[in-house]
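As provided, data.cif (mmCIF, C-alpha atoms and all ligand atoms) reads as follows.
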```
data_target
#
loop_
_atom_site.group_PDB
_atom_site.id
_atom_site.type_symbol
_atom_site.label_atom_id
_atom_site.label_comp_id
_atom_site.auth_asym_id
_atom_site.auth_seq_id
_atom_site.Cartn_x
_atom_site.Cartn_y
_atom_site.Cartn_z
ATOM 1 C CA MET Q 1405 74.509 6.918 -41.458
ATOM 2 C CA THR Q 1406 76.188 3.836 -42.929
ATOM 3 C CA GLN Q 1407 78.772 2.241 -40.699
ATOM 4 C CA THR Q 1408 82.125 1.608 -42.406
ATOM 5 C CA GLU Q 1409 84.323 -1.147 -41.055
ATOM 6 C CA CYS Q 1410 87.629 -2.665 -42.159
ATOM 7 C CA ARG Q 1411 88.049 -6.225 -43.326
ATOM 8 C CA ALA Q 1412 91.427 -7.870 -43.669
ATOM 9 C CA ALA Q 1413 92.579 -9.435 -46.906
ATOM 10 C CA VAL Q 1414 95.735 -10.776 -48.487
ATOM 11 C CA GLY Q 1415 97.594 -7.932 -50.192
ATOM 12 C CA ARG Q 1416 100.668 -7.909 -52.442
ATOM 13 C CA VAL Q 1417 103.140 -10.740 -52.204
ATOM 14 C CA ILE Q 1418 106.413 -9.656 -50.611
ATOM 15 C CA TYR Q 1419 108.318 -12.940 -50.917
ATOM 16 C CA THR Q 1420 107.210 -15.952 -52.930
ATOM 17 C CA SER Q 1421 107.489 -19.478 -51.643
ATOM 18 C CA ASP Q 1422 110.565 -20.018 -53.873
ATOM 19 C CA GLU Q 1423 112.260 -16.904 -52.526
ATOM 20 C CA ILE Q 1424 111.617 -18.067 -48.962
ATOM 21 C CA SER Q 1425 113.034 -21.527 -49.762
ATOM 22 C CA GLY Q 1426 116.120 -19.916 -51.291
ATOM 23 C CA ALA Q 1427 116.732 -17.844 -48.163
ATOM 24 C CA ILE Q 1428 116.292 -20.925 -45.959
ATOM 25 C CA GLU Q 1429 118.772 -22.909 -48.049
ATOM 26 C CA ARG Q 1430 121.330 -20.132 -47.655
ATOM 27 C CA LEU Q 1431 120.780 -19.931 -43.888
ATOM 28 C CA ALA Q 1432 120.937 -23.727 -43.582
ATOM 29 C CA ALA Q 1433 124.282 -23.834 -45.412
ATOM 30 C CA GLU Q 1434 125.754 -21.219 -43.066
ATOM 31 C CA ILE Q 1435 124.377 -22.929 -39.962
ATOM 32 C CA ALA Q 1436 125.474 -26.416 -41.080
ATOM 33 C CA ALA Q 1437 129.019 -25.126 -41.647
ATOM 34 C CA ASP Q 1438 129.177 -23.260 -38.328
ATOM 35 C CA TYR Q 1439 127.885 -26.228 -36.284
ATOM 36 C CA ARG Q 1440 129.779 -28.850 -38.292
ATOM 37 C CA ARG Q 1441 130.210 -31.999 -36.198
ATOM 38 C CA LYS Q 1442 128.722 -30.336 -33.118
ATOM 39 C CA PRO Q 1443 125.374 -31.097 -31.460
ATOM 40 C CA LEU Q 1444 122.721 -28.453 -32.045
ATOM 41 C CA LEU Q 1445 119.371 -27.647 -30.473
ATOM 42 C CA LEU Q 1446 117.045 -25.670 -32.744
ATOM 43 C CA LEU Q 1447 114.607 -23.808 -30.568
ATOM 44 C CA GLY Q 1448 111.637 -22.435 -32.489
ATOM 45 C CA VAL Q 1449 109.684 -19.496 -31.095
ATOM 46 C CA LEU Q 1450 106.056 -20.367 -31.714
ATOM 47 C CA LYS Q 1451 103.658 -19.797 -33.123
ATOM 48 C CA GLY Q 1452 105.195 -17.500 -35.721
ATOM 49 C CA ALA Q 1453 108.230 -19.710 -36.412
ATOM 50 C CA LEU Q 1454 106.076 -22.800 -36.958
ATOM 51 C CA CYS Q 1455 106.847 -23.220 -40.659
ATOM 52 C CA PHE Q 1456 110.346 -21.782 -40.537
ATOM 53 C CA THR Q 1457 111.621 -24.101 -37.783
ATOM 54 C CA VAL Q 1458 110.476 -27.227 -39.622
ATOM 55 C CA ASP Q 1459 111.808 -26.138 -43.017
ATOM 56 C CA LEU Q 1460 115.104 -24.935 -41.550
ATOM 57 C CA ALA Q 1461 115.591 -28.215 -39.644
ATOM 58 C CA ARG Q 1462 115.023 -30.206 -42.834
ATOM 59 C CA ALA Q 1463 117.297 -27.947 -44.884
ATOM 60 C CA ILE Q 1464 120.131 -28.295 -42.338
ATOM 61 C CA ALA Q 1465 119.652 -32.068 -42.346
ATOM 62 C CA GLY Q 1466 120.051 -31.998 -46.137
ATOM 63 C CA LYS Q 1467 123.550 -30.485 -45.930
ATOM 64 C CA ALA Q 1468 126.477 -32.860 -45.967
ATOM 65 C CA ASP Q 1469 128.699 -32.599 -42.918
ATOM 66 C CA GLY Q 1470 126.476 -30.445 -40.711
ATOM 67 C CA PRO Q 1471 125.772 -30.834 -36.987
ATOM 68 C CA SER Q 1472 126.655 -34.200 -35.426
ATOM 69 C CA GLU Q 1473 123.158 -34.424 -33.976
ATOM 70 C CA MET Q 1474 120.197 -32.098 -34.105
ATOM 71 C CA MET Q 1475 117.320 -31.737 -31.720
ATOM 72 C CA VAL Q 1476 114.267 -29.542 -32.179
ATOM 73 C CA ASP Q 1477 112.147 -27.984 -29.480
ATOM 74 C CA TYR Q 1478 109.798 -25.051 -29.105
ATOM 75 C CA ILE Q 1479 109.016 -22.243 -26.803
ATOM 76 C CA VAL Q 1480 105.647 -20.513 -27.120
ATOM 77 C CA ALA Q 1481 106.074 -16.778 -26.655
ATOM 78 C CA GLU Q 1482 103.538 -14.086 -27.230
ATOM 79 C CA ARG Q 1483 103.391 -10.381 -27.340
ATOM 80 C CA TYR Q 1484 100.932 -9.500 -29.998
ATOM 81 C CA GLY Q 1485 97.391 -9.975 -28.703
ATOM 82 C CA SER Q 1486 94.878 -11.989 -30.658
ATOM 83 C CA GLY Q 1487 93.688 -8.643 -32.009
ATOM 84 C CA GLY Q 1488 96.715 -8.537 -34.299
ATOM 85 C CA SER Q 1489 97.971 -5.226 -32.965
ATOM 86 C CA THR Q 1490 101.180 -4.596 -31.073
ATOM 87 C CA GLY Q 1491 100.591 -5.835 -27.558
ATOM 88 C CA GLY Q 1492 102.337 -5.564 -24.231
ATOM 89 C CA GLU Q 1493 105.565 -7.061 -22.995
ATOM 90 C CA PRO Q 1494 106.631 -10.461 -24.272
ATOM 91 C CA ARG Q 1495 105.925 -13.493 -22.114
ATOM 92 C CA VAL Q 1496 106.370 -17.243 -22.357
ATOM 93 C CA ARG Q 1497 103.135 -19.186 -22.599
ATOM 94 C CA MET Q 1498 104.820 -22.585 -22.880
ATOM 95 C CA ASP Q 1499 108.430 -23.358 -22.105
ATOM 96 C CA CYS Q 1500 110.634 -25.808 -23.980
ATOM 97 C CA LYS Q 1501 111.047 -29.351 -22.710
ATOM 98 C CA LEU Q 1502 114.678 -30.106 -23.544
ATOM 99 C CA ALA Q 1503 117.520 -28.967 -21.329
ATOM 100 C CA VAL Q 1504 119.316 -25.845 -22.468
ATOM 101 C CA ALA Q 1505 122.253 -26.042 -20.032
ATOM 102 C CA SER Q 1506 125.569 -26.953 -21.709
ATOM 103 C CA THR Q 1507 123.841 -27.158 -25.120
ATOM 104 C CA ASN Q 1508 124.472 -25.261 -28.374
ATOM 105 C CA VAL Q 1509 121.161 -23.450 -28.741
ATOM 106 C CA LEU Q 1510 119.985 -21.703 -31.885
ATOM 107 C CA ILE Q 1511 116.827 -19.644 -31.387
ATOM 108 C CA VAL Q 1512 114.685 -19.706 -34.528
ATOM 109 C CA ASP Q 1513 112.221 -16.874 -34.946
ATOM 110 C CA ASP Q 1514 109.969 -15.735 -37.759
ATOM 111 C CA ILE Q 1515 110.443 -11.974 -37.696
ATOM 112 C CA VAL Q 1516 112.190 -9.357 -35.651
ATOM 113 C CA ASP Q 1517 110.215 -6.140 -35.527
ATOM 114 C CA ASN Q 1518 110.925 -3.859 -32.576
ATOM 115 C CA GLY Q 1519 113.027 -6.678 -31.120
ATOM 116 C CA ARG Q 1520 111.459 -7.077 -27.689
ATOM 117 C CA THR Q 1521 110.461 -10.715 -28.156
ATOM 118 C CA LEU Q 1522 113.850 -11.910 -29.321
ATOM 119 C CA ARG Q 1523 115.642 -9.920 -26.639
ATOM 120 C CA PHE Q 1524 113.361 -11.415 -24.019
ATOM 121 C CA VAL Q 1525 113.763 -15.014 -25.225
ATOM 122 C CA ARG Q 1526 117.538 -14.634 -25.504
ATOM 123 C CA ALA Q 1527 117.812 -13.254 -21.969
ATOM 124 C CA LEU Q 1528 115.628 -16.037 -20.619
ATOM 125 C CA LEU Q 1529 117.713 -18.788 -22.235
ATOM 126 C CA ALA Q 1530 121.020 -17.110 -21.370
ATOM 127 C CA GLN Q 1531 120.149 -17.574 -17.678
ATOM 128 C CA ARG Q 1532 120.159 -21.356 -18.217
ATOM 129 C CA ALA Q 1533 123.852 -21.502 -19.085
ATOM 130 C CA PRO Q 1534 123.797 -22.893 -22.627
ATOM 131 C CA ALA Q 1535 127.169 -23.882 -24.145
ATOM 132 C CA SER Q 1536 126.433 -21.311 -26.871
ATOM 133 C CA LEU Q 1537 123.448 -19.159 -27.775
ATOM 134 C CA ARG Q 1538 122.705 -17.687 -31.197
ATOM 135 C CA SER Q 1539 119.619 -16.568 -33.048
ATOM 136 C CA CYS Q 1540 118.326 -17.018 -36.563
ATOM 137 C CA VAL Q 1541 115.526 -14.855 -37.929
ATOM 138 C CA LEU Q 1542 113.871 -15.316 -41.308
ATOM 139 C CA PHE Q 1543 112.379 -11.848 -41.746
ATOM 140 C CA ASP Q 1544 113.900 -8.625 -40.508
ATOM 141 C CA LYS Q 1545 111.698 -5.520 -40.213
ATOM 142 C CA PRO Q 1546 114.272 -2.944 -39.059
ATOM 143 C CA ALA Q 1547 112.083 0.179 -39.310
ATOM 144 C CA ARG Q 1548 110.784 0.087 -35.737
ATOM 145 C CA ARG Q 1549 113.729 -1.508 -33.946
ATOM 146 C CA GLU Q 1550 114.178 -0.417 -30.330
ATOM 147 C CA GLY Q 1551 117.887 -0.741 -29.678
ATOM 148 C CA ALA Q 1552 120.255 -3.467 -30.798
ATOM 149 C CA VAL Q 1553 119.120 -7.090 -30.958
ATOM 150 C CA PRO Q 1554 121.708 -9.769 -31.645
ATOM 151 C CA VAL Q 1555 120.718 -11.662 -34.798
ATOM 152 C CA ASP Q 1556 123.414 -14.097 -35.917
ATOM 153 C CA TYR Q 1557 121.642 -15.463 -39.008
ATOM 154 C CA ARG Q 1558 119.323 -13.173 -40.935
ATOM 155 C CA GLY Q 1559 117.086 -14.145 -43.835
ATOM 156 C CA MET Q 1560 115.400 -11.298 -45.698
ATOM 157 C CA GLU Q 1561 114.426 -7.725 -44.967
ATOM 158 C CA VAL Q 1562 110.779 -6.673 -45.059
ATOM 159 C CA PRO Q 1563 109.274 -3.181 -45.301
ATOM 160 C CA ASP Q 1564 107.455 -1.545 -42.403
ATOM 161 C CA VAL Q 1565 104.062 -3.087 -43.110
ATOM 162 C CA PHE Q 1566 102.082 -5.803 -41.334
ATOM 163 C CA VAL Q 1567 102.937 -9.083 -43.031
ATOM 164 C CA ILE Q 1568 101.125 -12.419 -43.069
ATOM 165 C CA GLY Q 1569 101.809 -15.940 -44.269
ATOM 166 C CA TYR Q 1570 104.500 -18.554 -43.808
ATOM 167 C CA GLY Q 1571 103.616 -18.862 -40.102
ATOM 168 C CA LEU Q 1572 102.807 -15.206 -39.474
ATOM 169 C CA ASP Q 1573 99.218 -14.453 -38.600
ATOM 170 C CA TYR Q 1574 96.632 -11.757 -38.353
ATOM 171 C CA LYS Q 1575 94.111 -12.715 -35.665
ATOM 172 C CA GLU Q 1576 95.333 -16.334 -35.989
ATOM 173 C CA GLU Q 1577 94.560 -16.501 -39.706
ATOM 174 C CA TYR Q 1578 96.826 -16.761 -42.753
ATOM 175 C CA ARG Q 1579 99.641 -18.765 -41.121
ATOM 176 C CA ASN Q 1580 99.106 -21.434 -43.758
ATOM 177 C CA LEU Q 1581 99.935 -19.225 -46.758
ATOM 178 C CA PRO Q 1582 103.107 -20.585 -48.408
ATOM 179 C CA TYR Q 1583 104.310 -17.052 -49.231
ATOM 180 C CA LEU Q 1584 104.705 -13.774 -47.334
ATOM 181 C CA ALA Q 1585 102.202 -11.043 -48.182
ATOM 182 C CA GLU Q 1586 101.198 -7.639 -46.929
ATOM 183 C CA LEU Q 1587 97.969 -7.491 -44.953
ATOM 184 C CA ARG Q 1588 95.457 -5.317 -46.742
ATOM 185 C CA GLU Q 1589 92.605 -3.626 -44.989
ATOM 186 C CA GLU Q 1590 89.508 -3.318 -47.136
ATOM 187 C CA LYS Q 1591 86.673 -1.003 -46.330
ATOM 188 C CA ALA Q 1592 83.451 -2.955 -46.115
ATOM 189 C CA VAL Q 1593 80.285 -0.861 -46.076
HETATM 190 P P1 LIG Q 1601 108.822 -7.784 -31.837
HETATM 191 O O1 LIG Q 1601 108.811 -8.111 -30.379
HETATM 192 O O2 LIG Q 1601 108.178 -6.466 -32.155
HETATM 193 O O3 LIG Q 1601 110.208 -7.905 -32.476
HETATM 194 O O4 LIG Q 1601 107.883 -8.801 -32.583
HETATM 195 C C1 LIG Q 1601 108.073 -10.112 -32.439
HETATM 196 C C2 LIG Q 1601 106.948 -11.032 -32.840
HETATM 197 O O5 LIG Q 1601 105.754 -10.366 -33.227
HETATM 198 C C3 LIG Q 1601 107.398 -11.800 -34.025
HETATM 199 O O6 LIG Q 1601 108.166 -12.922 -33.640
HETATM 200 C C4 LIG Q 1601 106.098 -12.152 -34.694
HETATM 201 O O7 LIG Q 1601 105.620 -13.366 -34.175
HETATM 202 C C5 LIG Q 1601 105.192 -10.960 -34.364
HETATM 203 N N1 LIG Q 1601 105.194 -9.992 -35.482
HETATM 204 C C6 LIG Q 1601 105.980 -8.916 -35.661
HETATM 205 N N2 LIG Q 1601 105.705 -8.269 -36.805
HETATM 206 C C7 LIG Q 1601 104.702 -8.983 -37.375
HETATM 207 C C8 LIG Q 1601 103.979 -8.835 -38.618
HETATM 208 O O8 LIG Q 1601 104.188 -7.938 -39.458
HETATM 209 N N3 LIG Q 1601 103.027 -9.785 -38.863
HETATM 210 C C9 LIG Q 1601 102.753 -10.806 -37.999
HETATM 211 N N4 LIG Q 1601 103.413 -10.981 -36.845
HETATM 212 C C10 LIG Q 1601 104.382 -10.075 -36.533
HETATM 213 MG MG MG Q 1602 107.608 -14.783 -33.471
#
```
Kindly return the structure encoded in the file as structure tokens.
Ligand code: IMP
Ligand code: MG
Amino acid sequence: MTQTECRAAVGRVIYTSDEISGAIERLAAEIAADYRRKPLLLLGVLKGALCFTVDLARAIAGKADGPSEMMVDYIVAERYGSGGSTGGEPRVRMDCKLAVASTNVLIVDDIVDNGRTLRFVRALLAQRAPASLRSCVLFDKPARREGAVPVDYRGMEVPDVFVIGYGLDYKEEYRNLPYLAELREEKAV
């Protein structure tokens, strides 16, 4: 009997690079206005928010009269195993370096799916007594949300499919795609 296995491939494009840039510009304008003349720490949740954090930081810097100073740091969180499937509970693999206490912190994440990761990261940072704590998410996949998750700045909604590109991976691949696409499984005989 022939063994049939699945191979991953890039499927249909969900958001083009231009659409992603447009959403980031809109978010950056909102954030720049809200943190006008205040210091701001952008805290990217890696690795998924790799591209988004950098592009958002640059877009905010491009707005006239935004934050008085901006710092960028990262936290490496993981939940999805390297197998690309939904994994266990979220955990921090690498903590941020900059102090969170008495700071205006904006968590920057790639996508909120069932919401466990963002809830976990928010709770962790809240314990450190920041001056303020908000979150900004580029892609929102609301279909499998487990309870409410506070998202203060929301980019674009995505359907309930596994997406890749613009920082999001499948088994560590495809993060480098400049657009967001659906992962397609192809049957390879
Ligand atoms: P959640 O805990 O289910 O909300 O998922 C959070 C994290 O899982 C996100 O920050 C992503 O890094 C990853 N993730 C969720 N959905 C996808 C997807 O469709 N493709 C790739 N990564 C995803
Ligand atoms: Mg993420």
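Distance check against Tyr1574 of chain Q using only C-alpha atoms: of Q:Lys1451, Q:Arg1462, Q:Arg1440, Q:Lys1501, the minimum falls on Q:Lys1451.
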Would you write out, as CSV, a table of all residues in chain Q that have an atom no more than 7 Å from an atom of ligand LIG 1601 (chain Q), listing for each the closest atom pair and the distance in Å to one decimal, considering all atoms listed in the file and ordering rows by chain and rising residue number?
```
residue,atom,partner,partner_atom,distance
Q:Lys1451,CA,Q:LIG1601,O7,6.8
Q:Gly1452,CA,Q:LIG1601,O7,4.4
Q:Arg1483,CA,Q:LIG1601,O5,6.3
Q:Tyr1484,CA,Q:LIG1601,O5,5.9
Q:Pro1494,CA,Q:LIG1601,O1,6.9
Q:Asp1513,CA,Q:LIG1601,O6,5.8
Q:Asp1514,CA,Q:LIG1601,O6,5.3
Q:Ile1515,CA,Q:LIG1601,O6,4.7
Q:Val1516,CA,Q:LIG1601,O3,4.0
Q:Asp1517,CA,Q:LIG1601,O3,3.5
Q:Asn1518,CA,Q:LIG1601,O2,3.8
Q:Gly1519,CA,Q:LIG1601,O3,3.4
Q:Arg1520,CA,Q:LIG1601,O1,3.9
Q:Thr1521,CA,Q:LIG1601,O1,3.8
Q:Leu1522,CA,Q:LIG1601,O3,6.3
Q:Val1565,CA,Q:LIG1601,O8,6.1
Q:Phe1566,CA,Q:LIG1601,O8,3.5
Q:Val1567,CA,Q:LIG1601,O8,4.0
Q:Ile1568,CA,Q:LIG1601,N3,5.3
Q:Leu1572,CA,Q:LIG1601,C9,4.6
Q:Asp1573,CA,Q:LIG1601,C9,5.1
Q:Tyr1574,CA,Q:LIG1601,C9,6.2
```
- Task: Apply the PyMOL selection byres (((chain Q and resi 1585) around 10) and not hetatm) to the displayed file and report the matching residues as an MDAnalysis selection string.
- Result: chainID Q and resid 1413:1420 1565:1570 1572 1578 1581:1584 1586:1588
Could you take the residues named above and write them with C-alpha atoms, as an mmCIF file, keeping the file's coordinate frame?
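Done, and the output landed in part_21.cif:
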```
data_model
loop_
_atom_site.group_PDB
_atom_site.id
_atom_site.type_symbol
_atom_site.label_atom_id
_atom_site.label_comp_id
_atom_site.auth_asym_id
_atom_site.auth_seq_id
_atom_site.Cartn_x
_atom_site.Cartn_y
_atom_site.Cartn_z
ATOM 1 C CA ALA Q 1413 92.579 -9.435 -46.906
ATOM 2 C CA VAL Q 1414 95.735 -10.776 -48.487
ATOM 3 C CA GLY Q 1415 97.594 -7.932 -50.192
ATOM 4 C CA ARG Q 1416 100.668 -7.909 -52.442
ATOM 5 C CA VAL Q 1417 103.140 -10.740 -52.204
ATOM 6 C CA ILE Q 1418 106.413 -9.656 -50.611
ATOM 7 C CA TYR Q 1419 108.318 -12.940 -50.917
ATOM 8 C CA THR Q 1420 107.210 -15.952 -52.930
ATOM 9 C CA VAL Q 1565 104.062 -3.087 -43.110
ATOM 10 C CA PHE Q 1566 102.082 -5.803 -41.334
ATOM 11 C CA VAL Q 1567 102.937 -9.083 -43.031
ATOM 12 C CA ILE Q 1568 101.125 -12.419 -43.069
ATOM 13 C CA GLY Q 1569 101.809 -15.940 -44.269
ATOM 14 C CA TYR Q 1570 104.500 -18.554 -43.808
ATOM 15 C CA LEU Q 1572 102.807 -15.206 -39.474
ATOM 16 C CA TYR Q 1578 96.826 -16.761 -42.753
ATOM 17 C CA LEU Q 1581 99.935 -19.225 -46.758
ATOM 18 C CA PRO Q 1582 103.107 -20.585 -48.408
ATOM 19 C CA TYR Q 1583 104.310 -17.052 -49.231
ATOM 20 C CA LEU Q 1584 104.705 -13.774 -47.334
ATOM 21 C CA GLU Q 1586 101.198 -7.639 -46.929
ATOM 22 C CA LEU Q 1587 97.969 -7.491 -44.953
ATOM 23 C CA ARG Q 1588 95.457 -5.317 -46.742
#
```
- Message: Once the PyMOL selection byres (((chain Q and resi 1422-1435) around 12) and not hetatm) has been evaluated on this model, what residues remain selected, and can you format them as a PyMOL selection string?
- Response: chain Q and resi 1417-1421+1436-1446+1455-1471+1474+1508-1512+1514+1538-1543+1556-1561+1569-1571+1581-1585
With C-alpha atoms retained, write the just-selected residues as an mmCIF file, in the coordinates of the input.
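Okay, part_31.cif is ready:
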```cif
data_model
loop_
_atom_site.group_PDB
_atom_site.id
_atom_site.type_symbol
_atom_site.label_atom_id
_atom_site.label_comp_id
_atom_site.auth_asym_id
_atom_site.auth_seq_id
_atom_site.Cartn_x
_atom_site.Cartn_y
_atom_site.Cartn_z
ATOM 1 C CA VAL Q 1417 103.140 -10.740 -52.204
ATOM 2 C CA ILE Q 1418 106.413 -9.656 -50.611
ATOM 3 C CA TYR Q 1419 108.318 -12.940 -50.917
ATOM 4 C CA THR Q 1420 107.210 -15.952 -52.930
ATOM 5 C CA SER Q 1421 107.489 -19.478 -51.643
ATOM 6 C CA ALA Q 1436 125.474 -26.416 -41.080
ATOM 7 C CA ALA Q 1437 129.019 -25.126 -41.647
ATOM 8 C CA ASP Q 1438 129.177 -23.260 -38.328
ATOM 9 C CA TYR Q 1439 127.885 -26.228 -36.284
ATOM 10 C CA ARG Q 1440 129.779 -28.850 -38.292
ATOM 11 C CA ARG Q 1441 130.210 -31.999 -36.198
ATOM 12 C CA LYS Q 1442 128.722 -30.336 -33.118
ATOM 13 C CA PRO Q 1443 125.374 -31.097 -31.460
ATOM 14 C CA LEU Q 1444 122.721 -28.453 -32.045
ATOM 15 C CA LEU Q 1445 119.371 -27.647 -30.473
ATOM 16 C CA LEU Q 1446 117.045 -25.670 -32.744
ATOM 17 C CA CYS Q 1455 106.847 -23.220 -40.659
ATOM 18 C CA PHE Q 1456 110.346 -21.782 -40.537
ATOM 19 C CA THR Q 1457 111.621 -24.101 -37.783
ATOM 20 C CA VAL Q 1458 110.476 -27.227 -39.622
ATOM 21 C CA ASP Q 1459 111.808 -26.138 -43.017
ATOM 22 C CA LEU Q 1460 115.104 -24.935 -41.550
ATOM 23 C CA ALA Q 1461 115.591 -28.215 -39.644
ATOM 24 C CA ARG Q 1462 115.023 -30.206 -42.834
ATOM 25 C CA ALA Q 1463 117.297 -27.947 -44.884
ATOM 26 C CA ILE Q 1464 120.131 -28.295 -42.338
ATOM 27 C CA ALA Q 1465 119.652 -32.068 -42.346
ATOM 28 C CA GLY Q 1466 120.051 -31.998 -46.137
ATOM 29 C CA LYS Q 1467 123.550 -30.485 -45.930
ATOM 30 C CA ALA Q 1468 126.477 -32.860 -45.967
ATOM 31 C CA ASP Q 1469 128.699 -32.599 -42.918
ATOM 32 C CA GLY Q 1470 126.476 -30.445 -40.711
ATOM 33 C CA PRO Q 1471 125.772 -30.834 -36.987
ATOM 34 C CA MET Q 1474 120.197 -32.098 -34.105
ATOM 35 C CA ASN Q 1508 124.472 -25.261 -28.374
ATOM 36 C CA VAL Q 1509 121.161 -23.450 -28.741
ATOM 37 C CA LEU Q 1510 119.985 -21.703 -31.885
ATOM 38 C CA ILE Q 1511 116.827 -19.644 -31.387
ATOM 39 C CA VAL Q 1512 114.685 -19.706 -34.528
ATOM 40 C CA ASP Q 1514 109.969 -15.735 -37.759
ATOM 41 C CA ARG Q 1538 122.705 -17.687 -31.197
ATOM 42 C CA SER Q 1539 119.619 -16.568 -33.048
ATOM 43 C CA CYS Q 1540 118.326 -17.018 -36.563
ATOM 44 C CA VAL Q 1541 115.526 -14.855 -37.929
ATOM 45 C CA LEU Q 1542 113.871 -15.316 -41.308
ATOM 46 C CA PHE Q 1543 112.379 -11.848 -41.746
ATOM 47 C CA ASP Q 1556 123.414 -14.097 -35.917
ATOM 48 C CA TYR Q 1557 121.642 -15.463 -39.008
ATOM 49 C CA ARG Q 1558 119.323 -13.173 -40.935
ATOM 50 C CA GLY Q 1559 117.086 -14.145 -43.835
ATOM 51 C CA MET Q 1560 115.400 -11.298 -45.698
ATOM 52 C CA GLU Q 1561 114.426 -7.725 -44.967
ATOM 53 C CA GLY Q 1569 101.809 -15.940 -44.269
ATOM 54 C CA TYR Q 1570 104.500 -18.554 -43.808
ATOM 55 C CA GLY Q 1571 103.616 -18.862 -40.102
ATOM 56 C CA LEU Q 1581 99.935 -19.225 -46.758
ATOM 57 C CA PRO Q 1582 103.107 -20.585 -48.408
ATOM 58 C CA TYR Q 1583 104.310 -17.052 -49.231
ATOM 59 C CA LEU Q 1584 104.705 -13.774 -47.334
ATOM 60 C CA ALA Q 1585 102.202 -11.043 -48.182
#
```
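Restricting the calculation to only C-alpha atoms and all ligand atoms, the smallest distance between ligand MG 1602 (chain Q) and any of Q:Leu1528, Q:Asp1564, Q:Gly1551, Q:Arg1579 is found for Q:Arg1579.
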- Message: Can you measure atom CA of Lys1575 of chain Q to atom CA of Glu1589 of chain Q for me? One decimal in Å is fine.
- Response: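 A separation of 13.1 Å between them.
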- Work out how far apart atom CA of Leu1450 of chain Q and atom CA of Gln1531 of chain Q are and give it in Å to one decimal.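 Atom-to-atom, atom CA of Leu1450 of chain Q and atom CA of Gln1531 of chain Q are spaced 20.1 Å apart.
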- Item | Minimum-distance residue to Leu1502 of chain Q, chosen among Q:Val1480, Q:Arg1548, Q:Leu1447, Q:Arg1411 (using only C-alpha atoms) | Q:Leu1447
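One finds atom CA of Arg1532 of chain Q at 6.2 Å from atom CA of Val1504 of chain Q.
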- Item | Proximity to ligand MG 1602 (chain Q) - best of Q:Glu1482, Q:Glu1550, Q:Asp1499, Q:Glu1577, all atoms listed in the file |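 Of Q:Glu1482, Q:Glu1550, Q:Asp1499, Q:Glu1577, the one nearest ligand MG 1602 (chain Q), counting all atoms listed in the file, is Q:Glu1482.
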- Which residue gives the smallest distance to ligand MG 1602 (chain Q) among Q:Ala1527, Q:Ile1479, Q:Met1498, Q:Leu1537, with all atoms listed in the file counted? Q:Ile1479
For segment 1525-1536 of chain Q, where the input has fewer atoms than it should, I would like N, CA and C atoms rebuilt and written as an mmCIF file, in the frame of the given file.
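Once written, selection.cif looks like this:
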```cif
data_model
loop_
_atom_site.group_PDB
_atom_site.id
_atom_site.type_symbol
_atom_site.label_atom_id
_atom_site.label_comp_id
_atom_site.auth_asym_id
_atom_site.auth_seq_id
_atom_site.Cartn_x
_atom_site.Cartn_y
_atom_site.Cartn_z
ATOM 1 N N VAL Q 1525 113.499 -13.571 -25.136
ATOM 2 C CA VAL Q 1525 113.763 -15.014 -25.225
ATOM 3 C C VAL Q 1525 115.259 -15.291 -25.051
ATOM 4 N N ARG Q 1526 116.075 -14.468 -25.657
ATOM 5 C CA ARG Q 1526 117.538 -14.634 -25.504
ATOM 6 C C ARG Q 1526 117.961 -14.496 -24.052
ATOM 7 N N ALA Q 1527 117.433 -13.487 -23.373
ATOM 8 C CA ALA Q 1527 117.812 -13.254 -21.969
ATOM 9 C C ALA Q 1527 117.355 -14.423 -21.098
ATOM 10 N N LEU Q 1528 116.171 -14.916 -21.381
ATOM 11 C CA LEU Q 1528 115.628 -16.037 -20.619
ATOM 12 C C LEU Q 1528 116.514 -17.279 -20.758
ATOM 13 N N LEU Q 1529 116.914 -17.586 -21.988
ATOM 14 C CA LEU Q 1529 117.713 -18.788 -22.235
ATOM 15 C C LEU Q 1529 119.150 -18.599 -21.746
ATOM 16 N N ALA Q 1530 119.642 -17.386 -21.815
ATOM 17 C CA ALA Q 1530 121.020 -17.110 -21.370
ATOM 18 C C ALA Q 1530 121.182 -17.446 -19.888
ATOM 19 N N GLN Q 1531 120.105 -17.263 -19.119
ATOM 20 C CA GLN Q 1531 120.149 -17.574 -17.678
ATOM 21 C C GLN Q 1531 120.354 -19.063 -17.408
ATOM 22 N N ARG Q 1532 120.081 -19.900 -18.412
ATOM 23 C CA ARG Q 1532 120.159 -21.356 -18.217
ATOM 24 C C ARG Q 1532 121.505 -21.941 -18.613
ATOM 25 N N ALA Q 1533 122.471 -21.087 -18.804
ATOM 26 C CA ALA Q 1533 123.852 -21.502 -19.085
ATOM 27 C C ALA Q 1533 124.017 -22.456 -20.268
ATOM 28 N N PRO Q 1534 123.551 -22.050 -21.449
ATOM 29 C CA PRO Q 1534 123.797 -22.893 -22.627
ATOM 30 C C PRO Q 1534 125.293 -22.874 -22.977
ATOM 31 N N ALA Q 1535 125.766 -23.888 -23.709
ATOM 32 C CA ALA Q 1535 127.169 -23.882 -24.145
ATOM 33 C C ALA Q 1535 127.384 -22.723 -25.111
ATOM 34 N N SER Q 1536 126.401 -22.473 -25.980
ATOM 35 C CA SER Q 1536 126.433 -21.311 -26.871
ATOM 36 C C SER Q 1536 124.998 -20.921 -27.178
#
```
